[in-house]
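What follows is a single structure, written as structure tokens, with notes after it.
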Amino acid sequence: LAATDTPQGVLAVVDEPAASWEVLRAAEGVLVLDAVQDPGNVGTLARTAVGLGLGGVVVLDGTADPWGPKAVRASAGAMFHAPPVRAGADDLASWSEREGVALLAGAASGTDVARCEAPAAWALVLGNEGAGVRPELAQHVRAVAVPLGGRFESLNVAQAGAILMYALKLRAPSDGGRE
């Protein structure tokens, strides 16, 4: 009945938790996954967001199922602490504008995250591993980057996302609220 050869020994049938825009706390930062294909990366990123105390996770259409077995295992239970909001790109843009949330996106061509001040309310958009953020969102985001040296031009989306989330949390206004 399990999805692996050597399951953890716990198996249950449950309703998929659902979340709405109202649960997001953008003053603490929000993670947005835009067509991230690997379920292991989806779970790892959700685990990192919850571990760092971000204010929620948004999963845009085209992203691997956050409730798939591999994503849930990789999240180490984080999905149950912060069920993701499922949405489309238009929904994200509308929410961002309505709530005054700055959209930042991880991109190799962006500004070094260590040199940019995080807005009072922000959401970090991490795009597809090969294509980045979808074009219709690109016009709404400010690109931030993890500068790399050496022979590599990019990191795995989960690695880059973890570094960006941590750096943005460090650089956010100290009062944790809107000005």
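Going through the structure tokens in order, the chains are called A, B, and so on, while each chain numbers its residues from 1 and the ligands are numbered from 1 in the order shown.
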
**8 Å contact set for Gly106 in chain A, only C-alpha atoms, chain neighbours under 6 positions out, as a list of chain:residue names** = A:Leu124, A:Val125, A:Leu126, A:Gly127, A:Ala143, A:Val144, A:Ala145, A:Ala160, A:Gly161, A:Leu164

**Prompt:** Could you pull out all residues of chain A with a DSSP call of helix (DSSP H, G or I) and give them as JSON, numbers by chain?
**Reply:** {"A": [21, 22, 23, 26, 27, 28, 39, 40, 41, 42, 43, 44, 45, 46, 47, 48, 49, 50, 51, 69, 70, 71, 72, 73, 74, 75, 78, 79, 80, 81, 89, 90, 91, 92, 93, 94, 95, 96, 97, 98, 99, 113, 114, 115, 135, 136, 137, 138, 157, 158, 159, 160, 161, 162, 163, 164, 165, 166, 167, 168, 169, 170, 171]}

**Asked** DSSP on the backbone: what in chain A comes out strand (DSSP E), as an MDAnalysis selection string?
**Response** chainID A and resid 30:33 57:60 85:87 102:112 122:126 141:145

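Note that the spacing between CA of Leu31 in chain A and CA of Val57 in chain A amounts to 4.8 Å.
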
Taking a cut-off of 8 Å and counting only C-alpha atoms, can you build a table that, for each residue of range 5-64 of chain A near range 73-94 of chain A, reports the nearest atom pair and how far apart they are in Å (one decimal), sorted by chain then residue number, as a Markdown table?
```
| residue | atom | partner | partner_atom | distance |
| --- | --- | --- | --- | --- |
| A:Pro17 | CA | A:Pro83 | CA | 6.1 |
| A:Ala18 | CA | A:Pro83 | CA | 6.2 |
| A:Ala19 | CA | A:Val85 | CA | 4.9 |
| A:Ser20 | CA | A:Val85 | CA | 5.5 |
| A:Trp21 | CA | A:Val85 | CA | 6.6 |
| A:Pro39 | CA | A:Ala74 | CA | 8.0 |
| A:Gly40 | CA | A:Ala74 | CA | 5.5 |
| A:Asn41 | CA | A:Ala74 | CA | 7.6 |
| A:Val42 | CA | A:Ser75 | CA | 7.8 |
| A:Gly43 | CA | A:Ser75 | CA | 4.0 |
| A:Thr44 | CA | A:Ser75 | CA | 5.2 |
| A:Leu45 | CA | A:Ser75 | CA | 7.5 |
| A:Ala46 | CA | A:Ser75 | CA | 6.0 |
| A:Arg47 | CA | A:Ser75 | CA | 4.6 |
| A:Val50 | CA | A:Ala78 | CA | 6.2 |
| A:Gly56 | CA | A:Ala82 | CA | 6.1 |
| A:Val57 | CA | A:Pro84 | CA | 4.8 |
| A:Val58 | CA | A:Val85 | CA | 4.6 |
| A:Val59 | CA | A:Arg86 | CA | 4.9 |
| A:Leu60 | CA | A:Ala87 | CA | 4.9 |
| A:Asp61 | CA | A:Gly88 | CA | 5.5 |
```

Take the selection from the previous step and output its residues with N, CA and C atoms, as an mmCIF file, in the first residue's frame.
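Saved to out.cif:
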```
data_model
loop_
_atom_site.group_PDB
_atom_site.id
_atom_site.type_symbol
_atom_site.label_atom_id
_atom_site.label_comp_id
_atom_site.auth_asym_id
_atom_site.auth_seq_id
_atom_site.Cartn_x
_atom_site.Cartn_y
_atom_site.Cartn_z
ATOM 1 N N PRO A 17 -5.148 18.744 3.220
ATOM 2 C CA PRO A 17 -5.377 20.054 3.840
ATOM 3 C C PRO A 17 -5.379 21.153 2.776
ATOM 4 N N ALA A 18 -6.260 22.091 2.938
ATOM 5 C CA ALA A 18 -6.350 23.202 1.993
ATOM 6 C C ALA A 18 -6.085 24.503 2.736
ATOM 7 N N ALA A 19 -5.463 25.439 2.066
ATOM 8 C CA ALA A 19 -5.188 26.742 2.660
ATOM 9 C C ALA A 19 -5.654 27.827 1.701
ATOM 10 N N SER A 20 -5.920 28.996 2.249
ATOM 11 C CA SER A 20 -6.360 30.131 1.433
ATOM 12 C C SER A 20 -5.389 31.296 1.619
ATOM 13 N N TRP A 21 -5.550 32.309 0.797
ATOM 14 C CA TRP A 21 -4.677 33.483 0.834
ATOM 15 C C TRP A 21 -4.671 34.132 2.210
ATOM 16 N N PRO A 39 9.371 16.712 -7.140
ATOM 17 C CA PRO A 39 8.653 16.692 -5.870
ATOM 18 C C PRO A 39 9.578 16.741 -4.654
ATOM 19 N N GLY A 40 10.800 16.200 -4.789
ATOM 20 C CA GLY A 40 11.761 16.288 -3.697
ATOM 21 C C GLY A 40 12.147 17.729 -3.418
ATOM 22 N N ASN A 41 12.314 18.524 -4.470
ATOM 23 C CA ASN A 41 12.606 19.950 -4.294
ATOM 24 C C ASN A 41 11.419 20.685 -3.678
ATOM 25 N N VAL A 42 10.207 20.340 -4.091
ATOM 26 C CA VAL A 42 9.002 20.966 -3.527
ATOM 27 C C VAL A 42 8.953 20.725 -2.022
ATOM 28 N N GLY A 43 9.140 19.478 -1.606
ATOM 29 C CA GLY A 43 9.100 19.152 -0.180
ATOM 30 C C GLY A 43 10.242 19.790 0.590
ATOM 31 N N THR A 44 11.446 19.751 0.031
ATOM 32 C CA THR A 44 12.603 20.344 0.692
ATOM 33 C C THR A 44 12.422 21.846 0.871
ATOM 34 N N LEU A 45 11.913 22.520 -0.148
ATOM 35 C CA LEU A 45 11.687 23.957 -0.055
ATOM 36 C C LEU A 45 10.606 24.291 0.968
ATOM 37 N N ALA A 46 9.534 23.508 1.015
ATOM 38 C CA ALA A 46 8.486 23.731 2.016
ATOM 39 C C ALA A 46 9.051 23.533 3.428
ATOM 40 N N ARG A 47 9.855 22.501 3.603
ATOM 41 C CA ARG A 47 10.484 22.236 4.905
ATOM 42 C C ARG A 47 11.373 23.403 5.313
ATOM 43 N N VAL A 50 9.178 26.503 6.310
ATOM 44 C CA VAL A 50 8.594 26.340 7.646
ATOM 45 C C VAL A 50 9.686 26.431 8.705
ATOM 46 N N GLY A 56 4.210 31.273 5.004
ATOM 47 C CA GLY A 56 3.379 30.431 4.174
ATOM 48 C C GLY A 56 4.054 30.039 2.877
ATOM 49 N N VAL A 57 3.387 29.124 2.179
ATOM 50 C CA VAL A 57 3.881 28.593 0.911
ATOM 51 C C VAL A 57 2.742 28.643 -0.101
ATOM 52 N N VAL A 58 3.055 29.101 -1.297
ATOM 53 C CA VAL A 58 2.100 29.124 -2.407
ATOM 54 C C VAL A 58 2.656 28.220 -3.498
ATOM 55 N N VAL A 59 1.816 27.352 -4.022
ATOM 56 C CA VAL A 59 2.203 26.435 -5.089
ATOM 57 C C VAL A 59 1.402 26.808 -6.336
ATOM 58 N N LEU A 60 2.098 27.325 -7.338
ATOM 59 C CA LEU A 60 1.419 27.711 -8.574
ATOM 60 C C LEU A 60 1.194 26.503 -9.469
ATOM 61 N N ASP A 61 0.196 26.619 -10.333
ATOM 62 C CA ASP A 61 -0.113 25.537 -11.258
ATOM 63 C C ASP A 61 1.128 25.169 -12.062
#
```

**Prompt:** Smallest atom-to-atom distance to Ala27 in chain A: which of A:Trp67, A:Gly55, A:Ser96, A:Leu168, using only C-alpha atoms?
**Reply:** A:Gly55

**Request:** Find, counting only C-alpha atoms, the residue in A:Glu136, A:Asp38, A:Glu28, A:Glu153 that gets nearest to Pro119 in chain A.
**Result:**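 Using only C-alpha atoms, Pro119 in chain A sits closest to A:Glu28.
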
**Item:** Residue among A:Asp34, A:Glu16, A:Glu117, A:Asp112 lying closest to Ala172 in chain A, counting only C-alpha atoms
**Value:**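 The answer is A:Glu117, which sits nearest to Ala172 in chain A.
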
**Asked** With only C-alpha atoms as the atoms that count, which of A:Pro66, A:Pro147, A:Pro135, A:Gly53 lies nearest to Leu33 in chain A?
**Response** A:Pro66

**Message:** Restricting the calculation to only C-alpha atoms: of A:Ala49, A:Val30, A:Gly100, A:Lys70, which residue gets closest to Ala3 in chain A?
**Reply:**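 So, comparing all the options, the nearest one is A:Lys70.
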
**Asked** From the set A:Leu155, A:Leu148, A:Ala131, A:Ala71, which residue has the shortest atom-to-atom contact distance to Ala35 in chain A, counting only C-alpha atoms?
**Response** A:Ala131

**Fill in**
Here CA of Ala26 in chain A and CA of Val101 in chain A stand apart by 6.7 Å
